[in-house]
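input.pdb, holding PDB, N, CA and C atoms and all ligand atoms:
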```
ATOM      1  N   MET A   1       8.016  18.348 -82.771  1.00  0.00           N
ATOM      2  CA  MET A   1       7.938  17.551 -81.534  1.00  0.00           C
ATOM      3  C   MET A   1       6.767  18.058 -80.699  1.00  0.00           C
ATOM      4  N   ALA A   2       5.751  17.237 -80.557  1.00  0.00           N
ATOM      5  CA  ALA A   2       4.563  17.640 -79.796  1.00  0.00           C
ATOM      6  C   ALA A   2       4.724  17.207 -78.350  1.00  0.00           C
ATOM      7  N   GLU A   3       5.034  18.150 -77.506  1.00  0.00           N
ATOM      8  CA  GLU A   3       5.196  17.828 -76.091  1.00  0.00           C
ATOM      9  C   GLU A   3       4.014  18.372 -75.292  1.00  0.00           C
ATOM     10  N   THR A   4       3.635  17.625 -74.295  1.00  0.00           N
ATOM     11  CA  THR A   4       2.536  18.057 -73.446  1.00  0.00           C
ATOM     12  C   THR A   4       3.087  18.434 -72.077  1.00  0.00           C
ATOM     13  N   LEU A   5       2.358  19.302 -71.428  1.00  0.00           N
ATOM     14  CA  LEU A   5       2.759  19.769 -70.105  1.00  0.00           C
ATOM     15  C   LEU A   5       1.844  19.138 -69.069  1.00  0.00           C
ATOM     16  N   GLU A   6       2.442  18.559 -68.057  1.00  0.00           N
ATOM     17  CA  GLU A   6       1.641  17.949 -67.015  1.00  0.00           C
ATOM     18  C   GLU A   6       1.247  19.001 -65.987  1.00  0.00           C
ATOM     19  N   CYS A   7      -0.029  19.062 -65.716  1.00  0.00           N
ATOM     20  CA  CYS A   7      -0.520  20.030 -64.740  1.00  0.00           C
ATOM     21  C   CYS A   7       0.049  19.683 -63.369  1.00  0.00           C
ATOM     22  N   PRO A   8       0.712  20.630 -62.711  1.00  0.00           N
ATOM     23  CA  PRO A   8       1.292  20.337 -61.402  1.00  0.00           C
ATOM     24  C   PRO A   8       0.242  20.174 -60.312  1.00  0.00           C
ATOM     25  N   SER A   9      -0.994  20.582 -60.608  1.00  0.00           N
ATOM     26  CA  SER A   9      -2.057  20.506 -59.613  1.00  0.00           C
ATOM     27  C   SER A   9      -2.811  19.190 -59.666  1.00  0.00           C
ATOM     28  N   CYS A  10      -3.282  18.816 -60.892  1.00  0.00           N
ATOM     29  CA  CYS A  10      -4.119  17.619 -60.998  1.00  0.00           C
ATOM     30  C   CYS A  10      -3.475  16.530 -61.850  1.00  0.00           C
ATOM     31  N   GLY A  11      -2.357  16.820 -62.556  1.00  0.00           N
ATOM     32  CA  GLY A  11      -1.650  15.806 -63.325  1.00  0.00           C
ATOM     33  C   GLY A  11      -2.188  15.574 -64.708  1.00  0.00           C
ATOM     34  N   ALA A  12      -3.138  16.381 -65.172  1.00  0.00           N
ATOM     35  CA  ALA A  12      -3.708  16.231 -66.508  1.00  0.00           C
ATOM     36  C   ALA A  12      -2.710  16.726 -67.549  1.00  0.00           C
ATOM     37  N   GLN A  13      -2.669  16.044 -68.721  1.00  0.00           N
ATOM     38  CA  GLN A  13      -1.768  16.444 -69.794  1.00  0.00           C
ATOM     39  C   GLN A  13      -2.417  17.563 -70.604  1.00  0.00           C
ATOM     40  N   THR A  14      -1.729  18.672 -70.733  1.00  0.00           N
ATOM     41  CA  THR A  14      -2.249  19.810 -71.493  1.00  0.00           C
ATOM     42  C   THR A  14      -1.206  20.269 -72.493  1.00  0.00           C
ATOM     43  N   GLU A  15      -1.649  20.967 -73.526  1.00  0.00           N
ATOM     44  CA  GLU A  15      -0.746  21.526 -74.524  1.00  0.00           C
ATOM     45  C   GLU A  15       0.045  22.667 -73.878  1.00  0.00           C
ATOM     46  N   PRO A  16       1.326  22.829 -74.276  1.00  0.00           N
ATOM     47  CA  PRO A  16       2.147  23.878 -73.663  1.00  0.00           C
ATOM     48  C   PRO A  16       1.633  25.288 -73.921  1.00  0.00           C
ATOM     49  N   ASP A  17       0.877  25.491 -75.019  1.00  0.00           N
ATOM     50  CA  ASP A  17       0.385  26.834 -75.305  1.00  0.00           C
ATOM     51  C   ASP A  17      -0.940  27.133 -74.620  1.00  0.00           C
ATOM     52  N   VAL A  18      -1.507  26.147 -73.941  1.00  0.00           N
ATOM     53  CA  VAL A  18      -2.746  26.380 -73.198  1.00  0.00           C
ATOM     54  C   VAL A  18      -2.391  27.066 -71.881  1.00  0.00           C
ATOM     55  N   ARG A  19      -3.057  28.162 -71.613  1.00  0.00           N
ATOM     56  CA  ARG A  19      -2.712  28.958 -70.430  1.00  0.00           C
ATOM     57  C   ARG A  19      -3.183  28.295 -69.138  1.00  0.00           C
ATOM     58  N   ASN A  20      -4.383  27.720 -69.199  1.00  0.00           N
ATOM     59  CA  ASN A  20      -4.938  27.133 -67.995  1.00  0.00           C
ATOM     60  C   ASN A  20      -5.180  25.643 -68.183  1.00  0.00           C
ATOM     61  N   CYS A  21      -5.107  24.885 -67.126  1.00  0.00           N
ATOM     62  CA  CYS A  21      -5.398  23.456 -67.164  1.00  0.00           C
ATOM     63  C   CYS A  21      -6.864  23.250 -67.508  1.00  0.00           C
ATOM     64  N   GLY A  22      -7.140  22.288 -68.419  1.00  0.00           N
ATOM     65  CA  GLY A  22      -8.511  22.032 -68.835  1.00  0.00           C
ATOM     66  C   GLY A  22      -9.364  21.443 -67.727  1.00  0.00           C
ATOM     67  N   LYS A  23      -8.714  20.791 -66.770  1.00  0.00           N
ATOM     68  CA  LYS A  23      -9.473  20.134 -65.701  1.00  0.00           C
ATOM     69  C   LYS A  23      -9.714  21.062 -64.515  1.00  0.00           C
ATOM     70  N   CYS A  24      -8.620  21.596 -63.968  1.00  0.00           N
ATOM     71  CA  CYS A  24      -8.761  22.333 -62.711  1.00  0.00           C
ATOM     72  C   CYS A  24      -8.586  23.836 -62.894  1.00  0.00           C
ATOM     73  N   GLN A  25      -8.325  24.296 -64.161  1.00  0.00           N
ATOM     74  CA  GLN A  25      -8.187  25.720 -64.485  1.00  0.00           C
ATOM     75  C   GLN A  25      -7.005  26.373 -63.787  1.00  0.00           C
ATOM     76  N   ARG A  26      -6.050  25.565 -63.385  1.00  0.00           N
ATOM     77  CA  ARG A  26      -4.850  26.125 -62.769  1.00  0.00           C
ATOM     78  C   ARG A  26      -4.052  26.879 -63.832  1.00  0.00           C
ATOM     79  N   TYR A  27      -3.548  28.043 -63.484  1.00  0.00           N
ATOM     80  CA  TYR A  27      -2.770  28.864 -64.405  1.00  0.00           C
ATOM     81  C   TYR A  27      -1.405  28.235 -64.602  1.00  0.00           C
ATOM     82  N   LEU A  28      -1.113  27.819 -65.870  1.00  0.00           N
ATOM     83  CA  LEU A  28       0.120  27.078 -66.152  1.00  0.00           C
ATOM     84  C   LEU A  28       1.216  27.944 -66.744  1.00  0.00           C
ATOM     85  N   LYS A  29       0.838  29.000 -67.447  1.00  0.00           N
ATOM     86  CA  LYS A  29       1.787  29.757 -68.245  1.00  0.00           C
ATOM     87  C   LYS A  29       2.916  30.341 -67.401  1.00  0.00           C
ATOM     88  N   SER A  30       2.593  30.760 -66.192  1.00  0.00           N
ATOM     89  CA  SER A  30       3.613  31.420 -65.373  1.00  0.00           C
ATOM     90  C   SER A  30       4.792  30.489 -65.099  1.00  0.00           C
ATOM     91  N   GLU A  31       4.519  29.215 -64.869  1.00  0.00           N
ATOM     92  CA  GLU A  31       5.604  28.273 -64.578  1.00  0.00           C
ATOM     93  C   GLU A  31       6.435  28.003 -65.816  1.00  0.00           C
ATOM     94  N   LEU A  32       5.759  27.886 -66.990  1.00  0.00           N
ATOM     95  CA  LEU A  32       6.488  27.708 -68.243  1.00  0.00           C
ATOM     96  C   LEU A  32       7.375  28.914 -68.522  1.00  0.00           C
ATOM     97  N   GLU A  33       6.823  30.116 -68.347  1.00  0.00           N
ATOM     98  CA  GLU A  33       7.591  31.329 -68.598  1.00  0.00           C
ATOM     99  C   GLU A  33       8.743  31.448 -67.614  1.00  0.00           C
ATOM    100  N   CYS A  34       8.519  30.983 -66.403  1.00  0.00           N
ATOM    101  CA  CYS A  34       9.574  30.984 -65.382  1.00  0.00           C
ATOM    102  C   CYS A  34      10.723  30.094 -65.832  1.00  0.00           C
ATOM    103  N   LEU A  35      10.392  28.878 -66.311  1.00  0.00           N
ATOM    104  CA  LEU A  35      11.423  27.956 -66.798  1.00  0.00           C
ATOM    105  C   LEU A  35      12.152  28.545 -67.995  1.00  0.00           C
ATOM    106  N   ARG A  36      11.401  29.199 -68.902  1.00  0.00           N
ATOM    107  CA  ARG A  36      12.022  29.794 -70.080  1.00  0.00           C
ATOM    108  C   ARG A  36      12.947  30.930 -69.689  1.00  0.00           C
ATOM    109  N   SER A  37      12.555  31.729 -68.715  1.00  0.00           N
ATOM    110  CA  SER A  37      13.411  32.841 -68.294  1.00  0.00           C
ATOM    111  C   SER A  37      14.675  32.311 -67.628  1.00  0.00           C
ATOM    112  N   ILE A  38      14.562  31.199 -66.898  1.00  0.00           N
ATOM    113  CA  ILE A  38      15.754  30.577 -66.301  1.00  0.00           C
ATOM    114  C   ILE A  38      16.685  30.086 -67.404  1.00  0.00           C
ATOM    115  N   ASP A  39      16.091  29.442 -68.440  1.00  0.00           N
ATOM    116  CA  ASP A  39      16.877  28.992 -69.594  1.00  0.00           C
ATOM    117  C   ASP A  39      17.596  30.156 -70.247  1.00  0.00           C
ATOM    118  N   ALA A  40      16.883  31.276 -70.436  1.00  0.00           N
ATOM    119  CA  ALA A  40      17.476  32.450 -71.072  1.00  0.00           C
ATOM    120  C   ALA A  40      18.602  33.003 -70.202  1.00  0.00           C
ATOM    121  N   ALA A  41      18.389  33.036 -68.893  1.00  0.00           N
ATOM    122  CA  ALA A  41      19.412  33.557 -67.980  1.00  0.00           C
ATOM    123  C   ALA A  41      20.654  32.674 -68.018  1.00  0.00           C
ATOM    124  N   VAL A  42      20.458  31.358 -68.068  1.00  0.00           N
ATOM    125  CA  VAL A  42      21.591  30.429 -68.142  1.00  0.00           C
ATOM    126  C   VAL A  42      22.351  30.626 -69.450  1.00  0.00           C
ATOM    127  N   GLY A  43      21.605  30.841 -70.550  1.00  0.00           N
ATOM    128  CA  GLY A  43      22.231  31.092 -71.842  1.00  0.00           C
ATOM    129  C   GLY A  43      23.068  32.353 -71.826  1.00  0.00           C
ATOM    130  N   ILE A  44      22.556  33.417 -71.212  1.00  0.00           N
ATOM    131  CA  ILE A  44      23.294  34.683 -71.119  1.00  0.00           C
ATOM    132  C   ILE A  44      24.535  34.490 -70.251  1.00  0.00           C
ATOM    133  N   MET A  45      24.392  33.763 -69.149  1.00  0.00           N
ATOM    134  CA  MET A  45      25.535  33.516 -68.261  1.00  0.00           C
ATOM    135  C   MET A  45      26.633  32.752 -68.999  1.00  0.00           C
ATOM    136  N   LYS A  46      26.219  31.743 -69.803  1.00  0.00           N
ATOM    137  CA  LYS A  46      27.197  30.970 -70.578  1.00  0.00           C
ATOM    138  C   LYS A  46      27.926  31.865 -71.564  1.00  0.00           C
ATOM    139  N   ARG A  47      27.164  32.761 -72.253  1.00  0.00           N
ATOM    140  CA  ARG A  47      27.770  33.669 -73.221  1.00  0.00           C
ATOM    141  C   ARG A  47      28.769  34.596 -72.541  1.00  0.00           C
ATOM    142  N   ILE A  48      28.389  35.117 -71.369  1.00  0.00           N
ATOM    143  CA  ILE A  48      29.286  36.013 -70.623  1.00  0.00           C
ATOM    144  C   ILE A  48      30.545  35.261 -70.208  1.00  0.00           C
ATOM    145  N   LEU A  49      30.361  34.020 -69.734  1.00  0.00           N
ATOM    146  CA  LEU A  49      31.499  33.213 -69.286  1.00  0.00           C
ATOM    147  C   LEU A  49      32.456  32.931 -70.445  1.00  0.00           C
ATOM    148  N   ILE A  50      31.884  32.559 -71.615  1.00  0.00           N
ATOM    149  CA  ILE A  50      32.724  32.260 -72.788  1.00  0.00           C
ATOM    150  C   ILE A  50      33.497  33.512 -73.203  1.00  0.00           C
ATOM    151  N   TRP A  51      32.783  34.678 -73.258  1.00  0.00           N
ATOM    152  CA  TRP A  51      33.453  35.920 -73.647  1.00  0.00           C
ATOM    153  C   TRP A  51      34.528  36.301 -72.642  1.00  0.00           C
ATOM    154  N   TRP A  52      34.254  36.090 -71.345  1.00  0.00           N
ATOM    155  CA  TRP A  52      35.235  36.406 -70.307  1.00  0.00           C
ATOM    156  C   TRP A  52      36.486  35.547 -70.483  1.00  0.00           C
ATOM    157  N   LEU A  53      36.265  34.229 -70.775  1.00  0.00           N
ATOM    158  CA  LEU A  53      37.397  33.323 -71.004  1.00  0.00           C
ATOM    159  C   LEU A  53      38.203  33.749 -72.223  1.00  0.00           C
ATOM    160  N   VAL A  54      37.515  34.101 -73.336  1.00  0.00           N
ATOM    161  CA  VAL A  54      38.194  34.522 -74.569  1.00  0.00           C
ATOM    162  C   VAL A  54      39.011  35.780 -74.311  1.00  0.00           C
ATOM    163  N   VAL A  55      38.378  36.763 -73.638  1.00  0.00           N
ATOM    164  CA  VAL A  55      39.049  38.044 -73.393  1.00  0.00           C
ATOM    165  C   VAL A  55      40.260  37.846 -72.471  1.00  0.00           C
ATOM    166  N   SER A  56      40.097  37.025 -71.416  1.00  0.00           N
ATOM    167  CA  SER A  56      41.218  36.810 -70.497  1.00  0.00           C
ATOM    168  C   SER A  56      42.342  36.024 -71.173  1.00  0.00           C
ATOM    169  N   PHE A  57      41.974  35.084 -72.060  1.00  0.00           N
ATOM    170  CA  PHE A  57      42.972  34.319 -72.815  1.00  0.00           C
ATOM    171  C   PHE A  57      43.762  35.236 -73.740  1.00  0.00           C
ATOM    172  N   LEU A  58      43.018  36.092 -74.487  1.00  0.00           N
ATOM    173  CA  LEU A  58      43.680  37.034 -75.392  1.00  0.00           C
ATOM    174  C   LEU A  58      44.552  38.009 -74.602  1.00  0.00           C
ATOM    175  N   GLY A  59      44.047  38.439 -73.450  1.00  0.00           N
ATOM    176  CA  GLY A  59      44.838  39.330 -72.594  1.00  0.00           C
ATOM    177  C   GLY A  59      46.121  38.660 -72.150  1.00  0.00           C
ATOM    178  N   GLY A  60      46.035  37.372 -71.795  1.00  0.00           N
ATOM    179  CA  GLY A  60      47.223  36.625 -71.392  1.00  0.00           C
ATOM    180  C   GLY A  60      48.205  36.468 -72.526  1.00  0.00           C
ATOM    181  N   VAL A  61      47.700  36.188 -73.738  1.00  0.00           N
ATOM    182  CA  VAL A  61      48.563  36.052 -74.914  1.00  0.00           C
ATOM    183  C   VAL A  61      49.278  37.367 -75.200  1.00  0.00           C
ATOM    184  N   VAL A  62      48.531  38.473 -75.166  1.00  0.00           N
ATOM    185  CA  VAL A  62      49.109  39.794 -75.414  1.00  0.00           C
ATOM    186  C   VAL A  62      50.169  40.100 -74.361  1.00  0.00           C
ATOM    187  N   TYR A  63      49.888  39.754 -73.102  1.00  0.00           N
ATOM    188  CA  TYR A  63      50.830  39.997 -72.009  1.00  0.00           C
ATOM    189  C   TYR A  63      52.133  39.223 -72.234  1.00  0.00           C
ATOM    190  N   ILE A  64      51.995  37.938 -72.610  1.00  0.00           N
ATOM    191  CA  ILE A  64      53.168  37.089 -72.853  1.00  0.00           C
ATOM    192  C   ILE A  64      53.984  37.629 -74.032  1.00  0.00           C
ATOM    193  N   VAL A  65      53.287  37.969 -75.131  1.00  0.00           N
ATOM    194  CA  VAL A  65      53.964  38.471 -76.340  1.00  0.00           C
ATOM    195  C   VAL A  65      54.705  39.753 -76.026  1.00  0.00           C
ATOM    196  N   THR A  66      54.079  40.672 -75.269  1.00  0.00           N
ATOM    197  CA  THR A  66      54.722  41.943 -74.966  1.00  0.00           C
ATOM    198  C   THR A  66      55.898  41.738 -74.001  1.00  0.00           C
ATOM    199  N   ARG A  67      55.819  40.741 -73.130  1.00  0.00           N
ATOM    200  CA  ARG A  67      56.911  40.461 -72.190  1.00  0.00           C
ATOM    201  C   ARG A  67      58.112  39.827 -72.901  1.00  0.00           C
ATOM    202  N   LEU A  68      57.848  39.021 -73.960  1.00  0.00           N
ATOM    203  CA  LEU A  68      58.920  38.323 -74.652  1.00  0.00           C
ATOM    204  C   LEU A  68      59.759  39.248 -75.502  1.00  0.00           C
ATOM    205  N   ARG A  69      59.189  40.374 -75.911  1.00  0.00           N
ATOM    206  CA  ARG A  69      59.937  41.287 -76.778  1.00  0.00           C
ATOM    207  C   ARG A  69      61.065  41.996 -76.038  1.00  0.00           C
TER
HETATM  208 ZN    ZN A 101      -4.975  20.670 -63.573  1.00  0.00          ZN
END
```
Can I see the file as structure tokens?
Ligand SMILES: [Zn+2]
Amino acid sequence: MAETLECPSCGAQTEPDVRNCGKCQRYLKSELECLRSIDAAVGIMKRILIWWLVVSFLGGVVYIVTRLR
């Protein structure tokens, strides 16, 4: 999938791996890396949330089983 990045300064379409805009030389990489780091942080948060839910569910099951005995 060939996606292009629109320069936030002048609106020119540039390749995502190009560091600077071909027209106005605006530095683009920092914003892409910022978005990627946000994506990574959201992914880690989701993983933590899923693990927290699994652990609390298992804890609840263990609690119920031990109470029923
Ligand atoms: Zn530009």
From the DSSP assignment of the backbone, select every residue of chain A that is alpha helix (DSSP H), and format the answer as a PyMOL selection string. chain A and resi 29-68
For the provided coordinates, the residues matched by the PyMOL selection byres (((not hetatm)) within 7 of (chain A and resi 101)) should be stated as a PyMOL selection string. chain A and resi 6-12+20-26
How many Å separate CA of Glu33 (chain A) from CA of Leu5 (chain A)?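 These atoms are spaced 12.6 Å apart.
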How far is it from atom C of Met45 (chain A) to atom N of Tyr63 (chain A), in Å with one decimal? 24.6 Å
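Distance-wise, atom C of Trp52 (chain A) and atom C of Arg69 (chain A) end up 26.0 Å apart.
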Hey, what does DSSP flag as strand (DSSP E or B) within chain A? Can you give it to me as a count of residues only? 6
So that all listed atoms of region 43-50 of chain A fit with 5 Å spare on each side, what axis-aligned box centre and edge lengths in Å, to one decimal, would you give as AutoDock Vina command-line options?
```
--center_x 27.6 --center_y 33.4 --center_z -70.7 --size_x 21.9 --size_y 15.2 --size_z 15.0
```
If you keep all heavy atoms, can you output region 1-14 of chain A as a PDB file, in the first residue's frame?
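So part23.pdb came out as:
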```
ATOM      1  N   MET A   1       0.859  -1.197   0.000  1.00  0.00           N
ATOM      2  CA  MET A   1       0.000   0.000   0.000  1.00  0.00           C
ATOM      3  C   MET A   1       0.889   1.239   0.000  1.00  0.00           C
ATOM      4  O   MET A   1       1.624   1.497   0.962  1.00  0.00           O
ATOM      5  CB  MET A   1      -0.906  -0.023   1.220  1.00  0.00           C
ATOM      6  CG  MET A   1      -1.946   1.095   1.211  1.00  0.00           C
ATOM      7  SD  MET A   1      -3.053   0.911   2.595  1.00  0.00           S
ATOM      8  CE  MET A   1      -3.522   2.622   2.845  1.00  0.00           C
ATOM      9  N   ALA A   2       0.861   1.978  -1.086  1.00  0.00           N
ATOM     10  CA  ALA A   2       1.700   3.177  -1.199  1.00  0.00           C
ATOM     11  C   ALA A   2       0.915   4.385  -0.722  1.00  0.00           C
ATOM     12  O   ALA A   2       0.023   4.867  -1.406  1.00  0.00           O
ATOM     13  CB  ALA A   2       2.159   3.349  -2.632  1.00  0.00           C
ATOM     14  N   GLU A   3       1.221   4.828   0.464  1.00  0.00           N
ATOM     15  CA  GLU A   3       0.527   5.995   1.000  1.00  0.00           C
ATOM     16  C   GLU A   3       1.459   7.204   1.000  1.00  0.00           C
ATOM     17  O   GLU A   3       2.650   7.071   1.219  1.00  0.00           O
ATOM     18  CB  GLU A   3       0.019   5.721   2.412  1.00  0.00           C
ATOM     19  CG  GLU A   3       1.078   5.243   3.369  1.00  0.00           C
ATOM     20  CD  GLU A   3       0.489   4.986   4.741  1.00  0.00           C
ATOM     21  OE1 GLU A   3      -0.043   5.923   5.315  1.00  0.00           O
ATOM     22  OE2 GLU A   3       0.568   3.844   5.215  1.00  0.00           O
ATOM     23  N   THR A   4       0.882   8.343   0.740  1.00  0.00           N
ATOM     24  CA  THR A   4       1.667   9.567   0.740  1.00  0.00           C
ATOM     25  C   THR A   4       1.270  10.410   1.945  1.00  0.00           C
ATOM     26  O   THR A   4       0.164  10.298   2.466  1.00  0.00           O
ATOM     27  CB  THR A   4       1.441  10.379  -0.550  1.00  0.00           C
ATOM     28  OG1 THR A   4       0.039  10.564  -0.715  1.00  0.00           O
ATOM     29  CG2 THR A   4       2.016   9.673  -1.759  1.00  0.00           C
ATOM     30  N   LEU A   5       2.205  11.220   2.362  1.00  0.00           N
ATOM     31  CA  LEU A   5       1.978  12.088   3.514  1.00  0.00           C
ATOM     32  C   LEU A   5       1.807  13.515   3.021  1.00  0.00           C
ATOM     33  O   LEU A   5       2.605  14.002   2.232  1.00  0.00           O
ATOM     34  CB  LEU A   5       3.177  11.992   4.462  1.00  0.00           C
ATOM     35  CG  LEU A   5       3.076  12.808   5.737  1.00  0.00           C
ATOM     36  CD1 LEU A   5       2.125  12.160   6.713  1.00  0.00           C
ATOM     37  CD2 LEU A   5       4.442  12.956   6.347  1.00  0.00           C
ATOM     38  N   GLU A   6       0.753  14.151   3.470  1.00  0.00           N
ATOM     39  CA  GLU A   6       0.527  15.523   3.064  1.00  0.00           C
ATOM     40  C   GLU A   6       1.300  16.465   3.976  1.00  0.00           C
ATOM     41  O   GLU A   6       1.204  16.363   5.200  1.00  0.00           O
ATOM     42  CB  GLU A   6      -0.973  15.839   3.111  1.00  0.00           C
ATOM     43  CG  GLU A   6      -1.311  17.144   2.414  1.00  0.00           C
ATOM     44  CD  GLU A   6      -2.820  17.358   2.325  1.00  0.00           C
ATOM     45  OE1 GLU A   6      -3.513  16.515   1.726  1.00  0.00           O
ATOM     46  OE2 GLU A   6      -3.296  18.361   2.885  1.00  0.00           O
ATOM     47  N   CYS A   7       2.059  17.333   3.364  1.00  0.00           N
ATOM     48  CA  CYS A   7       2.842  18.290   4.141  1.00  0.00           C
ATOM     49  C   CYS A   7       1.891  19.217   4.887  1.00  0.00           C
ATOM     50  O   CYS A   7       1.013  19.826   4.289  1.00  0.00           O
ATOM     51  CB  CYS A   7       3.754  19.095   3.217  1.00  0.00           C
ATOM     52  SG  CYS A   7       4.617  20.422   4.068  1.00  0.00           S
ATOM     53  N   PRO A   8       2.029  19.323   6.207  1.00  0.00           N
ATOM     54  CA  PRO A   8       1.127  20.185   6.966  1.00  0.00           C
ATOM     55  C   PRO A   8       1.375  21.667   6.720  1.00  0.00           C
ATOM     56  O   PRO A   8       0.549  22.508   7.066  1.00  0.00           O
ATOM     57  CB  PRO A   8       1.417  19.814   8.419  1.00  0.00           C
ATOM     58  CG  PRO A   8       2.764  19.206   8.417  1.00  0.00           C
ATOM     59  CD  PRO A   8       3.000  18.629   7.061  1.00  0.00           C
ATOM     60  N   SER A   9       2.512  21.986   6.098  1.00  0.00           N
ATOM     61  CA  SER A   9       2.858  23.381   5.857  1.00  0.00           C
ATOM     62  C   SER A   9       2.347  23.885   4.520  1.00  0.00           C
ATOM     63  O   SER A   9       1.676  24.897   4.450  1.00  0.00           O
ATOM     64  CB  SER A   9       4.378  23.554   5.954  1.00  0.00           C
ATOM     65  OG  SER A   9       4.712  24.912   5.886  1.00  0.00           O
ATOM     66  N   CYS A  10       2.662  23.124   3.431  1.00  0.00           N
ATOM     67  CA  CYS A  10       2.305  23.609   2.097  1.00  0.00           C
ATOM     68  C   CYS A  10       1.307  22.696   1.392  1.00  0.00           C
ATOM     69  O   CYS A  10       0.795  23.050   0.337  1.00  0.00           O
ATOM     70  CB  CYS A  10       3.558  23.791   1.239  1.00  0.00           C
ATOM     71  SG  CYS A  10       4.357  22.247   0.776  1.00  0.00           S
ATOM     72  N   GLY A  11       1.015  21.492   1.937  1.00  0.00           N
ATOM     73  CA  GLY A  11       0.014  20.608   1.357  1.00  0.00           C
ATOM     74  C   GLY A  11       0.516  19.729   0.247  1.00  0.00           C
ATOM     75  O   GLY A  11      -0.263  19.025  -0.376  1.00  0.00           O
ATOM     76  N   ALA A  12       1.819  19.710  -0.018  1.00  0.00           N
ATOM     77  CA  ALA A  12       2.390  18.876  -1.072  1.00  0.00           C
ATOM     78  C   ALA A  12       2.410  17.420  -0.620  1.00  0.00           C
ATOM     79  O   ALA A  12       2.615  17.128   0.559  1.00  0.00           O
ATOM     80  CB  ALA A  12       3.797  19.344  -1.400  1.00  0.00           C
ATOM     81  N   GLN A  13       2.167  16.486  -1.573  1.00  0.00           N
ATOM     82  CA  GLN A  13       2.183  15.065  -1.256  1.00  0.00           C
ATOM     83  C   GLN A  13       3.621  14.557  -1.293  1.00  0.00           C
ATOM     84  O   GLN A  13       4.318  14.719  -2.292  1.00  0.00           O
ATOM     85  CB  GLN A  13       1.342  14.282  -2.273  1.00  0.00           C
ATOM     86  CG  GLN A  13      -0.131  14.627  -2.247  1.00  0.00           C
ATOM     87  CD  GLN A  13      -0.840  14.157  -0.998  1.00  0.00           C
ATOM     88  OE1 GLN A  13      -0.549  13.094  -0.465  1.00  0.00           O
ATOM     89  NE2 GLN A  13      -1.773  14.956  -0.510  1.00  0.00           N
ATOM     90  N   THR A  14       4.064  13.958  -0.214  1.00  0.00           N
ATOM     91  CA  THR A  14       5.426  13.426  -0.138  1.00  0.00           C
ATOM     92  C   THR A  14       5.380  11.987   0.337  1.00  0.00           C
ATOM     93  O   THR A  14       4.404  11.558   0.945  1.00  0.00           O
ATOM     94  CB  THR A  14       6.282  14.254   0.842  1.00  0.00           C
ATOM     95  OG1 THR A  14       5.581  14.357   2.067  1.00  0.00           O
ATOM     96  CG2 THR A  14       6.568  15.635   0.304  1.00  0.00           C
TER      97      THR A  14
END
```
